[in-house]
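Note: the block below is model_0.csv and it holds CSV, C-alpha atoms and all ligand atoms.
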chain,number,residue,atom,x,y,z
J,55,MET,CA,40.0,-5.4,43.9
J,56,GLY,CA,38.5,-2.2,42.6
J,57,LYS,CA,35.3,-4.0,41.8
J,58,GLN,CA,35.2,-5.7,45.2
J,59,SER,CA,35.7,-2.5,47.1
J,60,SER,CA,33.0,-0.7,45.1
J,61,ARG,CA,30.6,-3.6,45.8
J,62,SER,CA,31.3,-3.5,49.5
J,63,ALA,CA,30.7,0.3,49.4
J,64,GLU,CA,27.4,-0.4,47.6
J,65,ARG,CA,26.4,-2.9,50.3
J,66,LYS,CA,27.3,-0.4,53.0
J,67,LYS,CA,25.1,2.3,51.3
J,68,ARG,CA,22.2,-0.1,51.1
J,69,LYS,CA,22.6,-1.3,54.6
J,70,GLU,CA,20.5,1.0,56.7
J,71,PHE,CA,17.4,2.5,55.1
J,72,ASN,CA,16.5,5.9,56.5
J,73,TYR,CA,12.7,5.5,57.0
J,74,PRO,CA,12.1,9.0,58.5
J,75,ASN,CA,13.8,10.7,55.6
J,76,PHE,CA,12.1,8.5,53.0
J,77,PHE,CA,8.6,9.0,54.3
J,78,GLY,CA,9.2,12.7,55.0
J,79,ILE,CA,10.4,13.3,51.5
J,80,ILE,CA,7.5,11.2,49.9
J,81,LEU,CA,4.9,12.9,52.1
J,82,ALA,CA,6.2,16.4,51.3
J,83,HIS,CA,6.0,15.6,47.6
J,84,ILE,CA,2.4,14.4,47.9
J,85,PHE,CA,1.4,17.6,49.6
J,86,ALA,CA,3.4,19.6,47.1
J,87,LEU,CA,1.4,17.9,44.3
J,88,CYS,CA,-1.8,18.8,46.2
J,89,GLY,CA,-0.5,22.4,46.0
J,90,ILE,CA,-0.1,22.1,42.2
J,91,TRP,CA,-3.6,20.6,42.1
J,92,TYR,CA,-5.0,23.4,44.2
J,93,LEU,CA,-3.3,25.9,41.9
J,94,PHE,CA,-5.0,24.4,38.8
J,95,ILE,CA,-8.4,24.1,40.4
J,96,TYR,CA,-8.6,27.4,42.3
J,97,GLY,CA,-5.8,29.5,40.7
J,98,ILE,CA,-3.3,31.2,42.9
J,99,SER,CA,-3.8,34.5,44.7
J,100,LEU,CA,-1.3,37.4,44.6
J,101,THR,CA,-0.7,36.9,48.3
J,102,ASN,CA,0.2,33.2,47.7
J,103,TRP,CA,2.6,34.1,44.8
J,104,ILE,CA,4.3,36.7,46.9
J,105,LEU,CA,4.5,34.4,49.9
J,106,PHE,CA,5.9,31.6,47.8
J,107,GLY,CA,8.5,33.9,46.3
J,108,ILE,CA,9.6,35.3,49.7
J,109,PHE,CA,9.8,31.9,51.4
J,110,SER,CA,11.6,30.4,48.5
J,111,LEU,CA,14.2,33.2,48.5
J,112,LEU,CA,14.5,33.3,52.3
J,113,THR,CA,15.0,29.6,52.8
J,114,GLY,CA,17.1,29.3,49.6
J,115,PHE,CA,19.5,32.0,50.7
J,116,GLY,CA,19.5,30.4,54.2
J,117,ILE,CA,21.1,27.4,52.5
J,118,THR,CA,23.3,29.0,49.9
J,119,ILE,CA,24.6,32.0,51.9
J,120,GLY,CA,24.2,30.6,55.5
J,121,TYR,CA,24.7,26.8,55.5
J,122,HIS,CA,27.0,26.7,52.4
J,123,ARG,CA,29.1,29.8,51.8
J,124,MET,CA,29.3,31.0,55.4
J,125,LEU,CA,29.3,27.9,57.6
J,126,THR,CA,30.7,25.1,55.5
J,127,HIS,CA,33.4,27.1,53.7
J,128,ARG,CA,33.8,30.2,55.9
J,129,GLY,CA,33.7,32.5,52.9
J,130,PHE,CA,33.0,35.5,55.1
J,131,GLN,CA,32.4,36.7,58.7
J,132,CYS,CA,29.0,37.7,59.8
J,133,SER,CA,27.3,39.9,62.3
J,134,GLN,CA,25.3,38.2,65.0
J,135,PRO,CA,21.8,39.3,64.0
J,136,LEU,CA,22.4,38.1,60.4
J,137,ARG,CA,24.0,34.9,61.7
J,138,TRP,CA,20.8,34.1,63.7
J,139,ALA,CA,18.6,35.0,60.8
J,140,LEU,CA,20.5,32.7,58.4
J,141,ALA,CA,20.3,29.8,60.9
J,142,ILE,CA,16.5,30.2,61.0
J,143,MET,CA,16.1,30.7,57.3
J,144,GLY,CA,18.3,27.7,56.5
J,145,GLY,CA,16.5,25.6,59.0
J,146,MET,CA,13.1,26.4,57.4
J,147,ALA,CA,14.4,24.9,54.2
J,148,GLY,CA,14.0,21.5,55.9
J,149,GLU,CA,17.4,20.1,54.6
J,150,GLY,CA,18.5,19.1,58.0
J,151,TYR,CA,20.1,21.1,60.8
J,152,GLU,CA,23.3,23.0,60.2
J,153,TYR,CA,25.7,20.6,61.8
J,154,GLU,CA,24.8,17.6,59.6
J,155,TRP,CA,24.4,19.5,56.4
J,156,VAL,CA,27.7,21.3,56.8
J,157,ALA,CA,29.6,18.2,57.9
J,158,ASN,CA,28.3,16.1,55.0
J,159,HIS,CA,29.0,18.8,52.5
J,160,ARG,CA,32.6,19.2,53.8
J,161,VAL,CA,33.1,15.5,53.2
J,162,HIS,CA,31.7,16.0,49.7
J,163,HIS,CA,34.5,18.5,49.0
J,164,PHE,CA,37.2,16.4,50.7
J,165,PHE,CA,36.3,13.4,48.5
J,166,SER,CA,34.6,14.9,45.5
J,167,ASP,CA,33.5,12.1,43.2
J,168,GLN,CA,35.6,9.5,45.0
J,169,GLU,CA,34.3,6.5,46.9
J,170,GLN,CA,33.8,8.4,50.2
J,171,ASP,CA,31.8,11.2,48.6
J,172,PRO,CA,28.3,10.9,50.1
J,173,HIS,CA,26.5,11.8,46.8
J,174,SER,CA,28.6,11.3,43.7
J,175,PRO,CA,26.8,10.3,40.5
J,176,ARG,CA,29.8,8.1,39.9
J,177,ALA,CA,28.6,5.7,42.5
J,178,TYR,CA,26.4,4.1,39.9
J,179,PRO,CA,26.3,4.0,36.2
J,180,GLY,CA,23.8,6.0,34.1
J,181,ILE,CA,20.5,7.2,35.4
J,182,LYS,CA,20.9,5.3,38.6
J,183,GLY,CA,24.0,7.5,39.4
J,184,PHE,CA,22.0,10.6,38.7
J,185,LEU,CA,19.1,9.5,40.9
J,186,TRP,CA,21.5,8.4,43.7
J,187,ALA,CA,23.2,11.9,43.7
J,188,HIS,CA,19.9,13.7,43.4
J,189,ILE,CA,17.7,12.0,46.0
J,190,GLY,CA,18.7,8.3,46.6
J,191,TRP,CA,21.5,9.0,49.0
J,192,LEU,CA,19.1,10.7,51.4
J,193,PHE,CA,17.1,7.4,51.7
J,194,PHE,CA,19.9,5.7,53.4
J,195,LYS,CA,21.6,6.5,56.7
J,196,TYR,CA,24.9,8.1,55.8
J,197,GLU,CA,27.9,7.7,58.2
J,198,ARG,CA,30.8,10.1,57.7
J,199,PRO,CA,34.3,8.6,57.6
J,200,ASP,CA,35.8,8.4,61.2
J,201,LEU,CA,38.0,11.5,60.8
J,202,TYR,CA,35.1,13.7,59.8
J,203,LYS,CA,32.4,12.7,62.3
J,204,THR,CA,32.8,16.0,64.3
J,205,PHE,CA,34.1,19.4,63.5
J,206,GLN,CA,35.5,21.6,66.3
J,207,ASP,CA,34.2,24.9,64.9
J,208,LEU,CA,30.7,23.6,64.7
J,209,ASP,CA,30.9,22.0,68.2
J,210,ARG,CA,31.9,25.4,69.6
J,211,ASP,CA,29.3,27.4,67.7
J,212,PRO,CA,26.4,28.3,70.0
J,213,VAL,CA,24.0,29.2,67.2
J,214,THR,CA,24.6,25.8,65.5
J,215,GLN,CA,23.9,24.1,68.8
J,216,TRP,CA,20.8,26.1,69.4
J,217,GLN,CA,19.6,25.5,65.8
J,218,ARG,CA,20.0,21.7,66.3
J,219,LYS,CA,17.9,21.8,69.5
J,220,PHE,CA,15.0,23.8,67.9
J,221,TYR,CA,15.3,22.5,64.4
J,222,LEU,CA,11.9,20.9,64.2
J,223,LEU,CA,10.2,24.0,65.6
J,224,ILE,CA,12.0,26.1,63.0
J,225,VAL,CA,10.9,23.8,60.1
J,226,ILE,CA,7.3,23.9,61.4
J,227,SER,CA,7.3,27.7,61.6
J,228,GLY,CA,7.9,27.7,57.8
J,229,PHE,CA,4.4,26.2,57.6
J,230,ILE,CA,2.7,28.1,60.4
J,231,ILE,CA,3.6,31.5,59.1
J,232,PRO,CA,2.1,30.9,55.6
J,233,PHE,CA,-1.0,29.4,57.3
J,234,LEU,CA,-1.5,32.4,59.5
J,235,ILE,CA,-1.3,34.7,56.4
J,236,SER,CA,-3.0,32.6,53.8
J,237,GLY,CA,-4.8,29.7,55.4
J,238,LEU,CA,-4.7,26.1,54.0
J,239,SER,CA,-3.5,27.3,50.5
J,240,GLY,CA,-0.6,29.0,52.3
J,241,ILE,CA,0.5,25.7,53.7
J,242,LEU,CA,0.2,23.9,50.4
J,243,ILE,CA,1.9,26.6,48.2
J,244,SER,CA,4.3,28.4,50.4
J,245,GLY,CA,4.8,25.5,52.7
J,246,PHE,CA,5.1,22.2,50.9
J,247,LEU,CA,5.4,23.3,47.2
J,248,ARG,CA,8.1,25.9,48.3
J,249,LEU,CA,9.9,23.2,50.4
J,250,VAL,CA,10.0,20.7,47.6
J,251,PHE,CA,11.1,23.4,45.0
J,252,VAL,CA,14.0,24.5,47.2
J,253,TRP,CA,15.0,20.9,47.9
J,254,HIS,CA,15.2,20.0,44.2
J,255,SER,CA,17.1,23.2,43.5
J,256,THR,CA,19.7,22.1,46.1
J,257,TRP,CA,19.7,18.5,45.0
J,258,SER,CA,20.2,19.5,41.3
J,259,VAL,CA,23.6,21.0,42.4
J,260,ASN,CA,24.6,17.5,43.6
J,261,SER,CA,23.3,15.7,40.6
J,262,ILE,CA,23.1,17.9,37.5
J,263,CYS,CA,26.1,20.0,38.4
J,264,HIS,CA,28.3,16.8,38.6
J,265,LEU,CA,27.0,15.6,35.2
J,266,PHE,CA,26.0,18.3,32.8
J,267,GLY,CA,27.6,21.7,32.0
J,268,SER,CA,31.0,23.1,31.4
J,269,ARG,CA,34.1,22.6,33.5
J,270,ALA,CA,36.1,25.6,35.0
J,271,LYS,CA,39.3,26.0,33.0
J,272,ASP,CA,41.9,28.6,32.3
J,273,ALA,CA,42.5,30.5,29.0
J,274,GLU,CA,44.6,27.6,27.6
J,275,GLY,CA,41.9,25.1,28.4
J,276,ASN,CA,43.6,23.6,31.4
J,277,LEU,CA,41.0,22.2,33.8
J,278,TYR,CA,40.8,23.7,37.3
J,279,THR,CA,39.4,20.7,39.0
J,280,ARG,CA,40.0,16.9,39.2
J,281,ASP,CA,36.4,16.0,39.9
J,282,ASP,CA,33.2,16.0,37.7
J,283,SER,CA,31.8,19.3,39.0
J,284,ARG,CA,30.2,21.4,36.3
J,285,ASN,CA,29.1,25.0,35.8
J,286,ASN,CA,25.4,25.0,34.8
J,287,ILE,CA,23.6,28.3,34.2
J,288,LEU,CA,20.1,26.8,34.5
J,289,ILE,CA,20.8,25.4,37.9
J,290,ALA,CA,22.5,28.7,38.8
J,291,LEU,CA,19.2,30.4,38.1
J,292,PHE,CA,17.2,28.0,40.3
J,293,ALA,CA,19.8,27.5,43.0
J,294,LEU,CA,20.6,31.2,43.5
J,295,GLY,CA,24.1,31.0,42.0
J,296,GLU,CA,25.1,27.6,43.2
J,297,GLY,CA,25.1,26.3,39.7
J,298,TYR,CA,28.7,27.6,39.1
J,299,HIS,CA,29.7,24.5,40.9
J,300,SER,CA,32.9,23.7,39.0
J,301,ASN,CA,34.2,27.2,39.9
J,302,HIS,CA,33.2,26.4,43.5
J,303,HIS,CA,35.0,23.1,43.6
J,304,PHE,CA,38.1,24.8,42.4
J,305,ARG,CA,38.2,27.2,45.3
J,306,PRO,CA,35.5,26.3,47.8
J,307,THR,CA,36.2,29.2,50.3
J,308,TRP,CA,35.6,31.9,47.7
J,309,ALA,CA,32.2,33.4,48.6
J,310,TYR,CA,31.5,34.2,45.0
J,311,HIS,CA,30.7,31.2,42.7
J,312,GLY,CA,30.0,33.3,39.6
J,313,TRP,CA,33.4,35.0,39.0
J,314,GLU,CA,32.3,37.3,36.2
J,315,TRP,CA,30.1,40.3,36.7
J,316,HIS,CA,27.5,38.9,34.3
J,317,ASN,CA,27.2,35.5,36.0
J,318,LEU,CA,23.8,34.8,37.6
J,319,ASP,CA,25.0,34.4,41.1
J,320,MET,CA,22.2,35.9,43.2
J,321,SER,CA,23.8,34.7,46.5
J,322,LYS,CA,26.9,36.8,45.5
J,323,TRP,CA,24.7,39.8,44.9
J,324,MET,CA,23.2,39.4,48.4
J,325,ILE,CA,26.6,38.9,49.9
J,326,GLN,CA,27.8,42.1,48.2
J,327,SER,CA,24.7,44.0,49.5
J,328,PHE,CA,25.3,42.7,53.1
J,329,GLU,CA,28.9,43.7,52.9
J,330,TRP,CA,27.9,47.2,51.7
J,331,LEU,CA,25.5,47.4,54.7
J,332,GLY,CA,28.3,46.4,57.1
J,333,LEU,CA,26.5,43.1,58.1
J,334,ILE,CA,29.3,40.9,56.9
J,335,TRP,CA,33.1,41.4,56.3
J,336,ASN,CA,36.3,39.6,55.4
J,337,VAL,CA,34.6,38.3,52.2
J,338,LYS,CA,36.9,35.9,50.3
J,339,LYS,CA,36.7,37.0,46.7
J,340,PRO,CA,37.9,35.3,43.6
J,341,VAL,CA,41.6,35.6,42.5
J,342,ILE,CA,41.9,33.5,39.3
J,343,ASP,CA,45.1,31.4,39.3
J,344,LYS,CA,46.8,31.3,35.9
J,345,GLY,CA,48.1,28.3,34.0
J,346,LEU,CA,46.9,25.6,36.4
J,347,LEU,CA,46.9,22.0,35.1
J,348,ILE,CA,45.4,19.2,37.1
J,349,LYS,CA,45.4,15.6,35.8
J,350,GLU,CA,42.2,13.6,35.8
J,351,ILE,CA,41.8,11.2,38.7
J,352,PRO,CA,40.8,7.6,37.9
J,353,LYS,CA,37.0,6.8,37.9
J,354,ILE,CA,35.7,4.8,40.9
J,355,ALA,CA,33.7,2.2,39.0
J,401,ZN,ZN,30.0,19.2,44.3
J,402,ZN,ZN,30.6,23.6,48.8

Step by step, read the file and then write its structure as structure tokens.
Ligand SMILES: [Zn+2]
Ligand SMILES: [Zn+2]
Amino acid sequence: MGKQSSRSAERKKRKEFNYPNFFGIILAHIFALCGIWYLFIYGISLTNWILFGIFSLLTGFGITIGYHRMLTHRGFQCSQPLRWALAIMGGMAGEGYEYEWVANHRVHHFFSDQEQDPHSPRAYPGIKGFLWAHIGWLFFKYERPDLYKTFQDLDRDPVTQWQRKFYLLIVISGFIIPFLISGLSGILISGFLRLVFVWHSTWSVNSICHLFGSRAKDAEGNLYTRDDSRNNILIALFALGEGYHSNHHFRPTWAYHGWEWHNLDMSKWMIQSFEWLGLIWNVKKPVIDKGLLIKEIPKIA
């Protein structure tokens, strides 16, 4: 029974190949490799380094602070100018428009590491599971379970609707701006190489942070979560704090993923700065529950 249902889920996943996603991702990687080639042949100018840094941070925070902590989990409320800025920055990351990203990620939390999870490494054994969670699931058309196809808050959000309409233009502007400042090398380094770098940082949260690292637990060693989510400091560094993923699965609405002052949660630092500046408010901050014991849920496969 279990085997049969997992096989039918596998068939479902394989059913419709997502050609635009597949060719888009492959092409972006080819151009990113051209960027690395350019870097080795001609070196990289200070302008390009700075542009690469700024665009990586802007689009990365667009995802972590905007798409994820604000929109998906409603971890804080936001002033309109910053809300618009985050919609543009997140869109430039080329990870899809807000609506789809947020809706799919909510499903990930509802069904973490269970059969309906869009990108659990548990879907396949070994390296195949890692690849599925990291990139493979994007190559197939994903249909959310019936109850989670639409979300009222997103339907009603005018910025989300606007962002969906102008999404392609927003993504393209993430290439045009570096081109205007730095020419062709700007497109390769701060356009494609930056795009692919931020993609893999986000994707590593789905793959590595559900496989490798430590699990959030209390002082007695009782686990905080039922799923496979992990805290991984290396991914926290690249993914601007999102690597504290086991913490995050425990209380998704908390806007801080690194609970300790010494945690490398750069998105938290930005949120703290925005709050101090009065640009955001009602930030949901960690309150650690004591003595929580959750039993393991059975594995899918
Ligand atoms: Zn997760
Ligand atoms: Zn989340």

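The residues that lie within 8 Å of the point (25.1, 24.8, 42.6), counting only C-alpha atoms, are Thr256, Ser258, Val259, Asn260, Cys263, Asn285, Asn286, Ile289, Ala290, Ala293, Leu294, Gly295, Glu296, Gly297, Tyr298 and His299 of chain J.
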
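Among the candidates J:Trp155, J:Trp216, J:Phe246, J:Tyr196, the residue lying nearest to ligand ZN 402 (chain J) is J:Trp155 (atoms considered: only C-alpha atoms and all ligand atoms).
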
| field | Protein and nucleic acid residues within 12 Å of ligand ZN 402 (chain J) (only C-alpha atoms and all ligand atoms) as a PyMOL selection string | value | chain J and resi 117-129+155-166+256+259-260+263+283+295-311

| said: As an exercise, work out the distance from atom CA of Ala270 of chain J to atom CA of Arg284 of chain J in Å and give it to one decimal place. | reply: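 About the pair atom CA of Ala270 of chain J and atom CA of Arg284 of chain J: they are 7.4 Å apart.
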
| Closest of J:His264, J:Phe205, J:Met143, J:Lys338 to Ala177 of chain J - atom-to-atom distances counting all atoms listed in the file |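 The closest residue to Ala177 of chain J is J:His264.
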
| field | Of the listed residues J:Asn75, J:Thr113, J:Ser321, J:Ser261, that which approaches ligand ZN 401 (chain J) most closely, counting all atoms listed in the file | value |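 With all atoms listed in the file as the atom set, the closest residue is J:Ser261.
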
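Minimum distance to ligand ZN 401 (chain J) across J:Ile262, J:Ile243, J:Met320, J:Leu112 (counting all atoms listed in the file) occurs at J:Ile262.
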
| query | Smallest atom-to-atom distance to Pro232 of chain J: which of J:Gly107, J:Gly267, J:Gly114, J:Gly332, using only C-alpha atoms? | reply |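 Under the stated criterion, the closest residue is J:Gly107.
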
| field | Atomic distance atom CA of Leu93 of chain J - atom CA of Ser110 of chain J, expressed in Å with one decimal | value |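 Separation between atom CA of Leu93 of chain J and atom CA of Ser110 of chain J: 16.9 Å.
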
| query | From the list J:Ile287, J:Ile230, J:Leu136, J:Leu242, which residue is nearest Val213 of chain J when using all atoms listed in the file? | reply |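 Of J:Ile287, J:Ile230, J:Leu136, J:Leu242, the one nearest Val213 of chain J, counting all atoms listed in the file, is J:Leu136.
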
Under the rule of at most 9 Å, produce a per-residue listing of segment 204-283 of chain J near segment 100-106 of chain J: chain, number, name, the closest pair of atoms, and the distance in Å, as a tab-separated table, using all atoms listed in the file.
residue	atom	partner	partner_atom	distance
J:Pro232	CA	J:Leu105	CA	7.1
J:Ile235	CA	J:Thr101	CA	8.4
J:Ser236	CA	J:Asn102	CA	6.9
J:Ser239	CA	J:Asn102	CA	7.5
J:Gly240	CA	J:Asn102	CA	6.3
J:Ile243	CA	J:Phe106	CA	6.4
J:Ser244	CA	J:Phe106	CA	4.4
J:Gly245	CA	J:Phe106	CA	7.9
J:Leu247	CA	J:Phe106	CA	8.3
J:Arg248	CA	J:Phe106	CA	6.1

| message | Between atom CA of His83 of chain J and atom CA of Leu249 of chain J, what is the distance in Å, rounded to a tenth? | response |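 Atom CA of Leu249 of chain J lies at a distance of 9.0 Å from atom CA of His83 of chain J.
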
Could I see segment 218-243 of chain J restored to N, CA and C atoms, set down as a compact mmCIF listing (two decimals), in the frame of the given file?
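Now in selection-v1.txt:
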# COMPACT_ATOMS: atom_id res chain seq x y z
N ARG J 218 20.21 23.15 66.25
CA ARG J 218 20.00 21.70 66.30
C ARG J 218 18.86 21.37 67.26
N LYS J 219 18.86 22.05 68.40
CA LYS J 219 17.90 21.80 69.50
C LYS J 219 16.47 22.17 69.01
N PHE J 220 16.35 23.29 68.30
CA PHE J 220 15.00 23.80 67.90
C PHE J 220 14.69 23.56 66.47
N TYR J 221 15.44 22.65 65.84
CA TYR J 221 15.30 22.50 64.40
C TYR J 221 13.87 22.20 63.93
N LEU J 222 13.21 21.23 64.59
CA LEU J 222 11.90 20.90 64.20
C LEU J 222 10.89 22.05 64.26
N LEU J 223 11.04 22.79 65.34
CA LEU J 223 10.20 24.00 65.60
C LEU J 223 10.41 25.00 64.44
N ILE J 224 11.67 25.15 64.04
CA ILE J 224 12.00 26.10 63.00
C ILE J 224 11.37 25.65 61.65
N VAL J 225 11.49 24.35 61.35
CA VAL J 225 10.90 23.80 60.10
C VAL J 225 9.38 24.07 60.13
N ILE J 226 8.74 23.74 61.26
CA ILE J 226 7.30 23.90 61.40
C ILE J 226 6.86 25.34 61.23
N SER J 227 7.69 26.26 61.74
CA SER J 227 7.30 27.70 61.60
C SER J 227 7.26 28.11 60.15
N GLY J 228 7.98 27.40 59.29
CA GLY J 228 7.90 27.70 57.80
C GLY J 228 6.59 27.28 57.23
N PHE J 229 5.75 26.59 58.01
CA PHE J 229 4.40 26.20 57.60
C PHE J 229 3.35 27.06 58.30
N ILE J 230 3.66 27.34 59.57
CA ILE J 230 2.70 28.10 60.40
C ILE J 230 2.55 29.52 59.89
N ILE J 231 3.66 30.14 59.55
CA ILE J 231 3.60 31.50 59.10
C ILE J 231 2.73 31.67 57.82
N PRO J 232 2.97 30.84 56.77
CA PRO J 232 2.10 30.90 55.60
C PRO J 232 0.62 30.63 55.93
N PHE J 233 0.40 29.69 56.90
CA PHE J 233 -1.00 29.40 57.30
C PHE J 233 -1.66 30.57 57.92
N LEU J 234 -0.94 31.27 58.80
CA LEU J 234 -1.50 32.40 59.50
C LEU J 234 -1.85 33.54 58.48
N ILE J 235 -1.05 33.64 57.41
CA ILE J 235 -1.30 34.70 56.40
C ILE J 235 -2.31 34.30 55.38
N SER J 236 -2.24 33.01 54.97
CA SER J 236 -3.00 32.60 53.80
C SER J 236 -3.82 31.35 53.94
N GLY J 237 -3.93 30.84 55.15
CA GLY J 237 -4.80 29.70 55.40
C GLY J 237 -4.18 28.39 54.78
N LEU J 238 -5.07 27.44 54.46
CA LEU J 238 -4.70 26.10 54.00
C LEU J 238 -3.83 26.25 52.67
N SER J 239 -4.26 27.16 51.78
CA SER J 239 -3.50 27.30 50.50
C SER J 239 -2.08 27.79 50.79
N GLY J 240 -1.92 28.56 51.87
CA GLY J 240 -0.60 29.00 52.30
C GLY J 240 0.30 27.84 52.62
N ILE J 241 -0.27 26.88 53.36
CA ILE J 241 0.50 25.70 53.70
C ILE J 241 0.91 24.89 52.51
N LEU J 242 -0.05 24.72 51.58
CA LEU J 242 0.20 23.90 50.40
C LEU J 242 1.24 24.56 49.46
N ILE J 243 1.03 25.87 49.19
CA ILE J 243 1.90 26.60 48.20
C ILE J 243 3.18 27.06 48.79
